[in-house]
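Chemist: So here's final27.tsv (TSV, N, CA and C atoms).
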```tsv
chain	number	residue	atom	x	y	z
A	25	GLY	N	-40.92	39.00	-31.44
A	25	GLY	CA	-41.28	39.22	-32.82
A	25	GLY	C	-40.61	38.20	-33.71
A	26	GLY	N	-40.89	38.33	-34.96
A	26	GLY	CA	-40.26	37.45	-35.94
A	26	GLY	C	-41.13	37.26	-37.16
A	27	ARG	N	-40.67	36.37	-38.02
A	27	ARG	CA	-41.41	36.05	-39.24
A	27	ARG	C	-42.25	34.79	-39.00
A	28	TYR	N	-43.43	34.79	-39.59
A	28	TYR	CA	-44.35	33.67	-39.43
A	28	TYR	C	-44.94	33.28	-40.79
A	29	ASP	N	-44.04	32.98	-41.73
A	29	ASP	CA	-44.48	32.68	-43.09
A	29	ASP	C	-45.37	31.45	-43.17
A	30	SER	N	-45.12	30.44	-42.35
A	30	SER	CA	-45.94	29.23	-42.42
A	30	SER	C	-47.34	29.47	-41.83
A	31	LEU	N	-47.50	30.52	-41.03
A	31	LEU	CA	-48.81	30.81	-40.46
A	31	LEU	C	-49.82	31.16	-41.54
A	32	THR	N	-49.42	31.96	-42.50
A	32	THR	CA	-50.35	32.33	-43.57
A	32	THR	C	-50.70	31.13	-44.44
A	33	LYS	N	-49.78	30.17	-44.56
A	33	LYS	CA	-50.07	28.95	-45.34
A	33	LYS	C	-51.19	28.15	-44.68
A	34	ALA	N	-51.24	28.18	-43.36
A	34	ALA	CA	-52.29	27.45	-42.64
A	34	ALA	C	-53.67	27.99	-42.96
A	35	PHE	N	-53.73	29.26	-43.40
A	35	PHE	CA	-55.00	29.89	-43.76
A	35	PHE	C	-55.19	29.98	-45.27
A	36	GLY	N	-54.38	29.20	-46.00
A	36	GLY	CA	-54.56	29.12	-47.44
A	36	GLY	C	-53.93	30.25	-48.23
A	37	ARG	N	-53.03	31.02	-47.63
A	37	ARG	CA	-52.38	32.13	-48.32
A	37	ARG	C	-50.88	31.88	-48.37
A	38	GLU	N	-50.43	31.26	-49.47
A	38	GLU	CA	-49.00	31.00	-49.62
A	38	GLU	C	-48.29	32.16	-50.29
A	39	ASP	N	-49.06	33.15	-50.74
A	39	ASP	CA	-48.47	34.25	-51.50
A	39	ASP	C	-47.98	35.41	-50.64
A	40	ILE	N	-48.24	35.38	-49.34
A	40	ILE	CA	-47.79	36.47	-48.48
A	40	ILE	C	-47.10	35.93	-47.23
A	41	GLY	N	-46.21	36.72	-46.70
A	41	GLY	CA	-45.52	36.37	-45.47
A	41	GLY	C	-46.18	37.08	-44.30
A	42	ALA	N	-45.66	36.86	-43.12
A	42	ALA	CA	-46.23	37.52	-41.95
A	42	ALA	C	-45.12	37.80	-40.95
A	43	THR	N	-45.25	38.91	-40.27
A	43	THR	CA	-44.35	39.24	-39.17
A	43	THR	C	-45.19	39.60	-37.96
A	44	GLY	N	-44.59	39.55	-36.78
A	44	GLY	CA	-45.35	39.88	-35.59
A	44	GLY	C	-44.46	40.43	-34.51
A	45	VAL	N	-45.08	41.16	-33.61
A	45	VAL	CA	-44.38	41.71	-32.46
A	45	VAL	C	-45.39	41.87	-31.33
A	46	ALA	N	-44.93	41.73	-30.10
A	46	ALA	CA	-45.81	41.90	-28.95
A	46	ALA	C	-45.10	42.75	-27.91
A	47	GLY	N	-45.85	43.62	-27.28
A	47	GLY	CA	-45.27	44.51	-26.27
A	47	GLY	C	-45.19	43.90	-24.90
A	48	GLY	N	-45.82	42.78	-24.69
A	48	GLY	CA	-45.80	42.15	-23.37
A	48	GLY	C	-46.70	42.89	-22.39
A	49	VAL	N	-48.00	42.67	-22.48
A	49	VAL	CA	-48.97	43.38	-21.66
A	49	VAL	C	-48.67	43.23	-20.17
A	50	GLU	N	-48.29	42.02	-19.74
A	50	GLU	CA	-48.00	41.80	-18.32
A	50	GLU	C	-46.84	42.66	-17.86
A	51	ARG	N	-45.80	42.77	-18.70
A	51	ARG	CA	-44.63	43.59	-18.35
A	51	ARG	C	-45.01	45.07	-18.26
A	52	ILE	N	-45.86	45.51	-19.16
A	52	ILE	CA	-46.31	46.90	-19.14
A	52	ILE	C	-47.09	47.19	-17.85
A	53	ILE	N	-47.99	46.29	-17.47
A	53	ILE	CA	-48.78	46.47	-16.25
A	53	ILE	C	-47.87	46.48	-15.02
A	54	LEU	N	-46.92	45.55	-14.96
A	54	LEU	CA	-45.99	45.52	-13.83
A	54	LEU	C	-45.20	46.82	-13.72
A	55	THR	N	-44.73	47.33	-14.84
A	55	THR	CA	-43.98	48.59	-14.84
A	55	THR	C	-44.86	49.74	-14.40
A	56	MET	N	-46.10	49.77	-14.87
A	56	MET	CA	-47.03	50.82	-14.46
A	56	MET	C	-47.31	50.75	-12.96
A	57	GLN	N	-47.43	49.55	-12.41
A	57	GLN	CA	-47.65	49.40	-10.98
A	57	GLN	C	-46.44	49.86	-10.19
A	58	GLU	N	-45.24	49.52	-10.67
A	58	GLU	CA	-44.01	49.96	-10.00
A	58	GLU	C	-43.90	51.48	-9.98
A	59	GLN	N	-44.36	52.13	-11.04
A	59	GLN	CA	-44.27	53.58	-11.14
A	59	GLN	C	-45.45	54.29	-10.49
A	60	GLY	N	-46.40	53.52	-9.97
A	60	GLY	CA	-47.56	54.11	-9.30
A	60	GLY	C	-48.60	54.67	-10.25
A	61	ILE	N	-48.50	54.34	-11.51
A	61	ILE	CA	-49.47	54.82	-12.50
A	61	ILE	C	-50.78	54.06	-12.36
A	62	VAL	N	-50.69	52.78	-12.06
A	62	VAL	CA	-51.85	51.91	-11.88
A	62	VAL	C	-51.65	51.16	-10.58
A	63	SER	N	-52.69	51.12	-9.76
A	63	SER	CA	-52.58	50.37	-8.51
A	63	SER	C	-53.01	48.93	-8.75
A	64	GLU	N	-52.53	48.04	-7.89
A	64	GLU	CA	-52.95	46.65	-8.00
A	64	GLU	C	-54.42	46.56	-7.64
A	65	SER	N	-55.14	45.75	-8.37
A	65	SER	CA	-56.57	45.59	-8.13
A	65	SER	C	-56.80	44.78	-6.86
A	66	LYS	N	-57.57	45.32	-5.95
A	66	LYS	CA	-57.90	44.63	-4.70
A	66	LYS	C	-59.39	44.31	-4.67
A	67	GLN	N	-59.92	43.87	-5.81
A	67	GLN	CA	-61.33	43.56	-5.89
A	67	GLN	C	-61.65	42.32	-5.06
A	68	ILE	N	-62.85	42.28	-4.56
A	68	ILE	CA	-63.33	41.09	-3.88
A	68	ILE	C	-63.53	40.03	-4.95
A	69	ARG	N	-62.88	38.91	-4.79
A	69	ARG	CA	-63.00	37.83	-5.76
A	69	ARG	C	-63.77	36.67	-5.14
A	70	VAL	N	-64.53	36.04	-6.00
A	70	VAL	CA	-65.30	34.87	-5.62
A	70	VAL	C	-64.84	33.73	-6.51
A	71	SER	N	-64.70	32.55	-5.95
A	71	SER	CA	-64.38	31.36	-6.74
A	71	SER	C	-65.53	30.38	-6.62
A	72	VAL	N	-65.92	29.84	-7.74
A	72	VAL	CA	-66.98	28.82	-7.75
A	72	VAL	C	-66.29	27.48	-7.99
A	73	LEU	N	-66.47	26.58	-7.04
A	73	LEU	CA	-65.84	25.26	-7.09
A	73	LEU	C	-66.91	24.19	-7.28
A	74	TYR	N	-66.50	23.06	-7.79
A	74	TYR	CA	-67.46	21.97	-7.99
A	74	TYR	C	-66.80	20.65	-7.61
A	75	ILE	N	-67.63	19.75	-7.10
A	75	ILE	CA	-67.15	18.46	-6.59
A	75	ILE	C	-66.76	17.52	-7.72
A	76	ASN	N	-67.58	17.47	-8.76
A	76	ASN	CA	-67.31	16.54	-9.86
A	76	ASN	C	-67.79	17.13	-11.18
A	77	GLU	N	-67.57	16.39	-12.23
A	77	GLU	CA	-67.89	16.86	-13.58
A	77	GLU	C	-69.39	17.16	-13.75
A	78	GLU	N	-70.23	16.40	-13.08
A	78	GLU	CA	-71.68	16.61	-13.17
A	78	GLU	C	-72.08	17.97	-12.60
A	79	MET	N	-71.34	18.44	-11.61
A	79	MET	CA	-71.65	19.71	-10.95
A	79	MET	C	-71.06	20.91	-11.71
A	80	GLN	N	-70.20	20.64	-12.68
A	80	GLN	CA	-69.52	21.72	-13.39
A	80	GLN	C	-70.48	22.64	-14.13
A	81	LYS	N	-71.52	22.09	-14.75
A	81	LYS	CA	-72.48	22.92	-15.49
A	81	LYS	C	-73.19	23.91	-14.57
A	82	VAL	N	-73.60	23.44	-13.41
A	82	VAL	CA	-74.26	24.31	-12.44
A	82	VAL	C	-73.28	25.39	-11.98
A	83	ALA	N	-72.04	24.99	-11.72
A	83	ALA	CA	-71.01	25.94	-11.28
A	83	ALA	C	-70.77	26.99	-12.35
A	84	MET	N	-70.76	26.59	-13.60
A	84	MET	CA	-70.56	27.54	-14.70
A	84	MET	C	-71.74	28.51	-14.80
A	85	SER	N	-72.94	28.02	-14.58
A	85	SER	CA	-74.12	28.89	-14.61
A	85	SER	C	-74.05	29.93	-13.49
A	86	ILE	N	-73.66	29.50	-12.30
A	86	ILE	CA	-73.54	30.43	-11.18
A	86	ILE	C	-72.45	31.46	-11.48
A	87	THR	N	-71.34	31.01	-12.03
A	87	THR	CA	-70.24	31.92	-12.39
A	87	THR	C	-70.73	32.98	-13.38
A	88	SER	N	-71.44	32.55	-14.40
A	88	SER	CA	-71.96	33.49	-15.40
A	88	SER	C	-72.88	34.53	-14.76
A	89	LEU	N	-73.75	34.06	-13.87
A	89	LEU	CA	-74.68	34.97	-13.21
A	89	LEU	C	-73.94	36.00	-12.35
A	90	LEU	N	-72.93	35.55	-11.62
A	90	LEU	CA	-72.16	36.47	-10.78
A	90	LEU	C	-71.42	37.50	-11.64
A	91	ARG	N	-70.86	37.04	-12.75
A	91	ARG	CA	-70.16	37.96	-13.64
A	91	ARG	C	-71.11	38.97	-14.25
A	92	LEU	N	-72.34	38.55	-14.56
A	92	LEU	CA	-73.35	39.48	-15.08
A	92	LEU	C	-73.70	40.54	-14.04
A	93	ASN	N	-73.51	40.21	-12.77
A	93	ASN	CA	-73.75	41.15	-11.68
A	93	ASN	C	-72.48	41.91	-11.29
A	94	ASN	N	-71.50	41.89	-12.18
A	94	ASN	CA	-70.23	42.60	-11.97
A	94	ASN	C	-69.48	42.16	-10.72
A	95	ILE	N	-69.55	40.89	-10.42
A	95	ILE	CA	-68.79	40.32	-9.31
A	95	ILE	C	-67.66	39.49	-9.93
A	96	PRO	N	-66.41	39.91	-9.74
A	96	PRO	CA	-65.28	39.16	-10.32
A	96	PRO	C	-65.28	37.72	-9.79
A	97	THR	N	-65.36	36.78	-10.70
A	97	THR	CA	-65.54	35.38	-10.32
A	97	THR	C	-64.61	34.47	-11.10
A	98	ASN	N	-63.98	33.53	-10.39
A	98	ASN	CA	-63.11	32.53	-11.00
A	98	ASN	C	-63.78	31.17	-10.99
A	99	ILE	N	-63.44	30.38	-12.00
A	99	ILE	CA	-63.86	28.97	-12.02
A	99	ILE	C	-62.79	28.20	-12.78
A	100	ASP	N	-62.53	26.98	-12.34
A	100	ASP	CA	-61.59	26.11	-13.02
A	100	ASP	C	-62.33	25.36	-14.12
A	101	LEU	N	-61.83	25.44	-15.33
A	101	LEU	CA	-62.48	24.75	-16.44
A	101	LEU	C	-61.72	23.50	-16.88
A	102	SER	N	-60.61	23.22	-16.21
A	102	SER	CA	-59.79	22.09	-16.64
A	102	SER	C	-60.12	20.78	-15.93
A	103	GLY	N	-61.07	20.81	-15.00
A	103	GLY	CA	-61.49	19.58	-14.33
A	103	GLY	C	-60.61	19.17	-13.17
A	104	LYS	N	-59.94	20.11	-12.53
A	104	LYS	CA	-59.12	19.78	-11.36
A	104	LYS	C	-60.00	19.26	-10.23
A	105	ASN	N	-59.39	18.47	-9.34
A	105	ASN	CA	-60.17	17.98	-8.21
A	105	ASN	C	-60.42	19.13	-7.23
A	106	LEU	N	-61.32	18.90	-6.28
A	106	LEU	CA	-61.74	19.96	-5.35
A	106	LEU	C	-60.56	20.52	-4.55
A	107	LYS	N	-59.65	19.66	-4.14
A	107	LYS	CA	-58.50	20.12	-3.35
A	107	LYS	C	-57.67	21.13	-4.15
A	108	LYS	N	-57.41	20.83	-5.41
A	108	LYS	CA	-56.63	21.74	-6.27
A	108	LYS	C	-57.41	23.04	-6.52
A	109	GLN	N	-58.72	22.92	-6.70
A	109	GLN	CA	-59.54	24.12	-6.88
A	109	GLN	C	-59.47	25.01	-5.64
A	110	MET	N	-59.51	24.39	-4.46
A	110	MET	CA	-59.43	25.14	-3.20
A	110	MET	C	-58.09	25.86	-3.09
A	111	GLU	N	-57.01	25.19	-3.49
A	111	GLU	CA	-55.69	25.82	-3.45
A	111	GLU	C	-55.66	27.05	-4.34
A	112	GLN	N	-56.25	26.93	-5.52
A	112	GLN	CA	-56.28	28.07	-6.45
A	112	GLN	C	-57.15	29.20	-5.91
A	113	ALA	N	-58.14	28.86	-5.12
A	113	ALA	CA	-59.09	29.86	-4.61
A	113	ALA	C	-58.64	30.48	-3.30
A	114	SER	N	-57.45	30.19	-2.86
A	114	SER	CA	-57.01	30.66	-1.54
A	114	SER	C	-56.97	32.19	-1.43
A	115	ASP	N	-56.84	32.89	-2.55
A	115	ASP	CA	-56.81	34.36	-2.50
A	115	ASP	C	-58.20	34.98	-2.67
A	116	SER	N	-59.21	34.16	-2.82
A	116	SER	CA	-60.58	34.66	-2.95
A	116	SER	C	-61.14	35.00	-1.58
A	117	LYS	N	-62.11	35.90	-1.57
A	117	LYS	CA	-62.77	36.22	-0.31
A	117	LYS	C	-63.81	35.14	0.03
A	118	PHE	N	-64.53	34.69	-1.00
A	118	PHE	CA	-65.55	33.65	-0.82
A	118	PHE	C	-65.38	32.55	-1.85
A	119	CYS	N	-65.81	31.36	-1.47
A	119	CYS	CA	-65.93	30.24	-2.39
A	119	CYS	C	-67.37	29.75	-2.35
A	120	ILE	N	-67.88	29.46	-3.49
A	120	ILE	CA	-69.19	28.82	-3.59
A	120	ILE	C	-68.90	27.40	-4.07
A	121	ILE	N	-69.31	26.42	-3.28
A	121	ILE	CA	-69.03	25.02	-3.60
A	121	ILE	C	-70.31	24.34	-4.02
A	122	VAL	N	-70.29	23.79	-5.23
A	122	VAL	CA	-71.45	23.08	-5.77
A	122	VAL	C	-71.20	21.58	-5.56
A	123	ALA	N	-72.06	20.97	-4.74
A	123	ALA	CA	-71.91	19.56	-4.39
A	123	ALA	C	-73.25	18.84	-4.55
A	124	PRO	N	-73.22	17.54	-4.87
A	124	PRO	CA	-74.47	16.80	-5.14
A	124	PRO	C	-75.48	16.82	-4.00
A	125	LYS	N	-75.01	16.58	-2.78
A	125	LYS	CA	-75.92	16.51	-1.64
A	125	LYS	C	-76.67	17.83	-1.43
A	126	GLU	N	-75.94	18.92	-1.47
A	126	GLU	CA	-76.55	20.24	-1.28
A	126	GLU	C	-77.42	20.61	-2.47
A	127	LEU	N	-76.97	20.24	-3.68
A	127	LEU	CA	-77.72	20.58	-4.88
A	127	LEU	C	-79.09	19.90	-4.90
A	128	GLU	N	-79.19	18.71	-4.32
A	128	GLU	CA	-80.49	18.02	-4.21
A	128	GLU	C	-81.49	18.87	-3.44
A	129	GLN	N	-80.98	19.70	-2.52
A	129	GLN	CA	-81.83	20.58	-1.72
A	129	GLN	C	-81.86	22.00	-2.30
A	130	SER	N	-81.37	22.16	-3.53
A	130	SER	CA	-81.28	23.46	-4.20
A	130	SER	C	-80.44	24.46	-3.41
A	131	LYS	N	-79.33	23.95	-2.85
A	131	LYS	CA	-78.44	24.79	-2.07
A	131	LYS	C	-77.00	24.63	-2.56
A	132	VAL	N	-76.16	25.58	-2.14
A	132	VAL	CA	-74.71	25.50	-2.35
A	132	VAL	C	-74.05	25.86	-1.03
A	133	VAL	N	-72.78	25.54	-0.91
A	133	VAL	CA	-72.02	25.88	0.28
A	133	VAL	C	-71.30	27.20	0.01
A	134	LEU	N	-71.45	28.14	0.92
A	134	LEU	CA	-70.75	29.42	0.83
A	134	LEU	C	-69.68	29.41	1.92
A	135	ARG	N	-68.42	29.48	1.48
A	135	ARG	CA	-67.30	29.45	2.43
A	135	ARG	C	-66.59	30.80	2.43
A	136	ASN	N	-66.47	31.38	3.61
A	136	ASN	CA	-65.70	32.60	3.78
A	136	ASN	C	-64.24	32.18	3.90
A	137	MET	N	-63.41	32.55	2.93
A	137	MET	CA	-62.03	32.09	2.90
A	137	MET	C	-61.14	32.85	3.88
A	138	GLN	N	-61.64	33.93	4.44
A	138	GLN	CA	-60.84	34.70	5.39
A	138	GLN	C	-60.91	34.10	6.79
A	139	ASP	N	-62.10	33.65	7.18
A	139	ASP	CA	-62.22	33.09	8.53
A	139	ASP	C	-62.58	31.60	8.54
A	140	GLY	N	-62.81	31.01	7.35
A	140	GLY	CA	-63.06	29.58	7.25
A	140	GLY	C	-64.47	29.13	7.57
A	141	THR	N	-65.38	30.08	7.85
A	141	THR	CA	-66.75	29.69	8.17
A	141	THR	C	-67.50	29.27	6.90
A	142	GLU	N	-68.42	28.35	7.09
A	142	GLU	CA	-69.23	27.85	5.98
A	142	GLU	C	-70.70	27.90	6.35
A	143	SER	N	-71.52	28.09	5.32
A	143	SER	CA	-72.96	28.00	5.51
A	143	SER	C	-73.57	27.51	4.20
A	144	GLN	N	-74.77	26.98	4.30
A	144	GLN	CA	-75.49	26.58	3.10
A	144	GLN	C	-76.51	27.65	2.77
A	145	ILE	N	-76.57	28.02	1.50
A	145	ILE	CA	-77.57	29.00	1.07
A	145	ILE	C	-78.32	28.46	-0.13
A	146	GLU	N	-79.56	28.88	-0.25
A	146	GLU	CA	-80.38	28.45	-1.38
A	146	GLU	C	-79.88	29.12	-2.64
A	147	ILE	N	-79.78	28.34	-3.70
A	147	ILE	CA	-79.30	28.88	-4.97
A	147	ILE	C	-80.20	30.02	-5.43
A	148	GLU	N	-81.50	29.88	-5.24
A	148	GLU	CA	-82.44	30.92	-5.66
A	148	GLU	C	-82.15	32.25	-4.97
A	149	LYS	N	-81.88	32.20	-3.67
A	149	LYS	CA	-81.58	33.43	-2.94
A	149	LYS	C	-80.26	34.04	-3.42
A	150	LEU	N	-79.29	33.18	-3.66
A	150	LEU	CA	-78.00	33.65	-4.14
A	150	LEU	C	-78.14	34.33	-5.50
A	151	THR	N	-78.93	33.73	-6.38
A	151	THR	CA	-79.08	34.30	-7.72
A	151	THR	C	-79.95	35.55	-7.75
A	152	GLU	N	-80.88	35.66	-6.80
A	152	GLU	CA	-81.73	36.86	-6.75
A	152	GLU	C	-80.94	38.09	-6.30
A	153	ASP	N	-80.08	37.91	-5.30
A	153	ASP	CA	-79.34	39.05	-4.76
A	153	ASP	C	-77.94	38.61	-4.32
A	154	PRO	N	-77.06	38.34	-5.30
A	154	PRO	CA	-75.73	37.81	-4.93
A	154	PRO	C	-74.89	38.78	-4.10
A	155	ARG	N	-75.07	40.08	-4.30
A	155	ARG	CA	-74.26	41.06	-3.58
A	155	ARG	C	-74.51	41.02	-2.08
A	156	SER	N	-75.70	40.67	-1.66
A	156	SER	CA	-76.00	40.63	-0.21
A	156	SER	C	-75.21	39.52	0.48
A	157	TYR	N	-74.80	38.50	-0.26
A	157	TYR	CA	-74.04	37.39	0.32
A	157	TYR	C	-72.53	37.55	0.12
A	158	LEU	N	-72.13	38.23	-0.95
A	158	LEU	CA	-70.74	38.19	-1.36
A	158	LEU	C	-69.97	39.49	-1.21
A	159	ILE	N	-70.62	40.54	-0.81
A	159	ILE	CA	-69.91	41.83	-0.69
A	159	ILE	C	-69.89	42.26	0.77
```
Output the structure of this file as structure tokens.
Modeler:
Amino acid sequence: GGRYDSLTKAFGREDIGATGVAGGVERIILTMQEQGIVSESKQIRVSVLYINEEMQKVAMSITSLLRLNNIPTNIDLSGKNLKKQMEQASDSKFCIIVAPKELEQSKVVLRNMQDGTESQIEIEKLTEDPRSYLI
């Protein structure tokens, strides 16, 4: 907490001050988990990865579609290279990799992160029924 008088000036209000306080949501959740009030979420997670900046738009579209289907999905928006994206996705059950060669054939790579197997699937089939591939 504390005083934030210059914050109100940034919004054109020099006549009032400001104070703030935060409870620390992460700390509250950790305490609740320790006390058994809330269990850790063990949802199946999917990560959508992309080879380069050109593939990012397609990856974002796939991510949005999966989220609309209530499938928890991660995507890197900072432009990390594929290797770094893979490292971040290590706790995901599946990765969907958007790459130029496969995209030319209207496909993506589906990688099972638990056993390392990969297959190519048509984007249309994935978008029609994502749960059949990812759950």
Chemist: By how many Å are atom N of Leu73 of chain A and atom N of Arg155 of chain A apart?
Modeler: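 Computing it gives 16.2 Å between the two atoms.
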Chemist: Under the rule that only N, CA and C atoms are counted, which of A:Tyr28, A:Tyr157, A:Ile145, A:Asp115 is the nearest residue to Gln129 of chain A?
Modeler: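 Under the stated criterion, the closest residue is A:Ile145.
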Chemist: List every residue of segment 84-153 of chain A that DSSP, applied to the backbone of this structure, places in helix (DSSP H, G or I), and write the result as a PDB file with N, CA and C atoms, in the coordinates of the input.
Modeler:
```pdb
ATOM      1  N   MET A  84     -70.760  26.590 -13.600  1.00  0.00           N
ATOM      2  CA  MET A  84     -70.560  27.540 -14.700  1.00  0.00           C
ATOM      3  C   MET A  84     -71.740  28.510 -14.800  1.00  0.00           C
ATOM      4  N   SER A  85     -72.940  28.020 -14.580  1.00  0.00           N
ATOM      5  CA  SER A  85     -74.120  28.890 -14.610  1.00  0.00           C
ATOM      6  C   SER A  85     -74.050  29.930 -13.490  1.00  0.00           C
ATOM      7  N   ILE A  86     -73.660  29.500 -12.300  1.00  0.00           N
ATOM      8  CA  ILE A  86     -73.540  30.430 -11.180  1.00  0.00           C
ATOM      9  C   ILE A  86     -72.450  31.460 -11.480  1.00  0.00           C
ATOM     10  N   THR A  87     -71.340  31.010 -12.030  1.00  0.00           N
ATOM     11  CA  THR A  87     -70.240  31.920 -12.390  1.00  0.00           C
ATOM     12  C   THR A  87     -70.730  32.980 -13.380  1.00  0.00           C
ATOM     13  N   SER A  88     -71.440  32.550 -14.400  1.00  0.00           N
ATOM     14  CA  SER A  88     -71.960  33.490 -15.400  1.00  0.00           C
ATOM     15  C   SER A  88     -72.880  34.530 -14.760  1.00  0.00           C
ATOM     16  N   LEU A  89     -73.750  34.060 -13.870  1.00  0.00           N
ATOM     17  CA  LEU A  89     -74.680  34.970 -13.210  1.00  0.00           C
ATOM     18  C   LEU A  89     -73.940  36.000 -12.350  1.00  0.00           C
ATOM     19  N   LEU A  90     -72.930  35.550 -11.620  1.00  0.00           N
ATOM     20  CA  LEU A  90     -72.160  36.470 -10.780  1.00  0.00           C
ATOM     21  C   LEU A  90     -71.420  37.500 -11.640  1.00  0.00           C
ATOM     22  N   ARG A  91     -70.860  37.040 -12.750  1.00  0.00           N
ATOM     23  CA  ARG A  91     -70.160  37.960 -13.640  1.00  0.00           C
ATOM     24  C   ARG A  91     -71.110  38.970 -14.250  1.00  0.00           C
ATOM     25  N   LEU A  92     -72.340  38.550 -14.560  1.00  0.00           N
ATOM     26  CA  LEU A  92     -73.350  39.480 -15.080  1.00  0.00           C
ATOM     27  C   LEU A  92     -73.700  40.540 -14.040  1.00  0.00           C
ATOM     28  N   LEU A 106     -61.320  18.900  -6.280  1.00  0.00           N
ATOM     29  CA  LEU A 106     -61.740  19.960  -5.350  1.00  0.00           C
ATOM     30  C   LEU A 106     -60.560  20.520  -4.550  1.00  0.00           C
ATOM     31  N   LYS A 107     -59.650  19.660  -4.140  1.00  0.00           N
ATOM     32  CA  LYS A 107     -58.500  20.120  -3.350  1.00  0.00           C
ATOM     33  C   LYS A 107     -57.670  21.130  -4.150  1.00  0.00           C
ATOM     34  N   LYS A 108     -57.410  20.830  -5.410  1.00  0.00           N
ATOM     35  CA  LYS A 108     -56.630  21.740  -6.270  1.00  0.00           C
ATOM     36  C   LYS A 108     -57.410  23.040  -6.520  1.00  0.00           C
ATOM     37  N   GLN A 109     -58.720  22.920  -6.700  1.00  0.00           N
ATOM     38  CA  GLN A 109     -59.540  24.120  -6.880  1.00  0.00           C
ATOM     39  C   GLN A 109     -59.470  25.010  -5.640  1.00  0.00           C
ATOM     40  N   MET A 110     -59.510  24.390  -4.460  1.00  0.00           N
ATOM     41  CA  MET A 110     -59.430  25.140  -3.200  1.00  0.00           C
ATOM     42  C   MET A 110     -58.090  25.860  -3.090  1.00  0.00           C
ATOM     43  N   GLU A 111     -57.010  25.190  -3.490  1.00  0.00           N
ATOM     44  CA  GLU A 111     -55.690  25.820  -3.450  1.00  0.00           C
ATOM     45  C   GLU A 111     -55.660  27.050  -4.340  1.00  0.00           C
ATOM     46  N   GLN A 112     -56.250  26.930  -5.520  1.00  0.00           N
ATOM     47  CA  GLN A 112     -56.280  28.070  -6.450  1.00  0.00           C
ATOM     48  C   GLN A 112     -57.150  29.200  -5.910  1.00  0.00           C
ATOM     49  N   ALA A 113     -58.140  28.860  -5.120  1.00  0.00           N
ATOM     50  CA  ALA A 113     -59.090  29.860  -4.610  1.00  0.00           C
ATOM     51  C   ALA A 113     -58.640  30.480  -3.300  1.00  0.00           C
ATOM     52  N   SER A 114     -57.450  30.190  -2.860  1.00  0.00           N
ATOM     53  CA  SER A 114     -57.010  30.660  -1.540  1.00  0.00           C
ATOM     54  C   SER A 114     -56.970  32.190  -1.430  1.00  0.00           C
ATOM     55  N   ASP A 115     -56.840  32.890  -2.550  1.00  0.00           N
ATOM     56  CA  ASP A 115     -56.810  34.360  -2.500  1.00  0.00           C
ATOM     57  C   ASP A 115     -58.200  34.980  -2.670  1.00  0.00           C
ATOM     58  N   PRO A 124     -73.220  17.540  -4.870  1.00  0.00           N
ATOM     59  CA  PRO A 124     -74.470  16.800  -5.140  1.00  0.00           C
ATOM     60  C   PRO A 124     -75.480  16.820  -4.000  1.00  0.00           C
ATOM     61  N   LYS A 125     -75.010  16.580  -2.780  1.00  0.00           N
ATOM     62  CA  LYS A 125     -75.920  16.510  -1.640  1.00  0.00           C
ATOM     63  C   LYS A 125     -76.670  17.830  -1.430  1.00  0.00           C
ATOM     64  N   GLU A 126     -75.940  18.920  -1.470  1.00  0.00           N
ATOM     65  CA  GLU A 126     -76.550  20.240  -1.280  1.00  0.00           C
ATOM     66  C   GLU A 126     -77.420  20.610  -2.470  1.00  0.00           C
ATOM     67  N   LEU A 127     -76.970  20.240  -3.680  1.00  0.00           N
ATOM     68  CA  LEU A 127     -77.720  20.580  -4.880  1.00  0.00           C
ATOM     69  C   LEU A 127     -79.090  19.900  -4.900  1.00  0.00           C
ATOM     70  N   GLU A 128     -79.190  18.710  -4.320  1.00  0.00           N
ATOM     71  CA  GLU A 128     -80.490  18.020  -4.210  1.00  0.00           C
ATOM     72  C   GLU A 128     -81.490  18.870  -3.440  1.00  0.00           C
ATOM     73  N   ILE A 147     -79.780  28.340  -3.700  1.00  0.00           N
ATOM     74  CA  ILE A 147     -79.300  28.880  -4.970  1.00  0.00           C
ATOM     75  C   ILE A 147     -80.200  30.020  -5.430  1.00  0.00           C
ATOM     76  N   GLU A 148     -81.500  29.880  -5.240  1.00  0.00           N
ATOM     77  CA  GLU A 148     -82.440  30.920  -5.660  1.00  0.00           C
ATOM     78  C   GLU A 148     -82.150  32.250  -4.970  1.00  0.00           C
ATOM     79  N   LYS A 149     -81.880  32.200  -3.670  1.00  0.00           N
ATOM     80  CA  LYS A 149     -81.580  33.430  -2.940  1.00  0.00           C
ATOM     81  C   LYS A 149     -80.260  34.040  -3.420  1.00  0.00           C
ATOM     82  N   LEU A 150     -79.290  33.180  -3.660  1.00  0.00           N
ATOM     83  CA  LEU A 150     -78.000  33.650  -4.140  1.00  0.00           C
ATOM     84  C   LEU A 150     -78.140  34.330  -5.500  1.00  0.00           C
ATOM     85  N   THR A 151     -78.930  33.730  -6.380  1.00  0.00           N
ATOM     86  CA  THR A 151     -79.080  34.300  -7.720  1.00  0.00           C
ATOM     87  C   THR A 151     -79.950  35.550  -7.750  1.00  0.00           C
ATOM     88  N   GLU A 152     -80.880  35.660  -6.800  1.00  0.00           N
ATOM     89  CA  GLU A 152     -81.730  36.860  -6.750  1.00  0.00           C
ATOM     90  C   GLU A 152     -80.940  38.090  -6.300  1.00  0.00           C
TER      91      GLU A 152
END
```
Chemist: Given all atoms listed in the file as the basis, pick out the residue of A:Val49, A:Val82, A:Ile40, A:Ile147 nearest to Ser130 of chain A.
Modeler: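 Once distances to Ser130 of chain A are computed over all atoms listed in the file, the minimum belongs to A:Ile147.
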Chemist: Taking every listed atom of segment 143-148 of chain A and adding 3 Å to each side, what centre and edge lengths in Å (one decimal) does the axis-aligned box have, as lines of an AutoDock Vina configuration file?
Modeler:
```
center_x = -77.0
center_y = 29.4
center_z = -0.1
size_x = 16.9
size_y = 11.7
size_z = 17.2
```
Chemist: Among chain A, which ones does DSSP assign to strand (DSSP E or B) (computed from the backbone)? Answer as a ChimeraX atom specification.
Modeler: /A:26-27,43-44,70-74,97-99,118-122,131-136,142-146
Chemist: For Thr151 of chain A, which residue out of A:Tyr74, A:Gln59, A:Ser85, A:Asp100 is the nearest one, using only C-alpha atoms?
Modeler: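 For Thr151 of chain A, the nearest of the candidates is A:Ser85.
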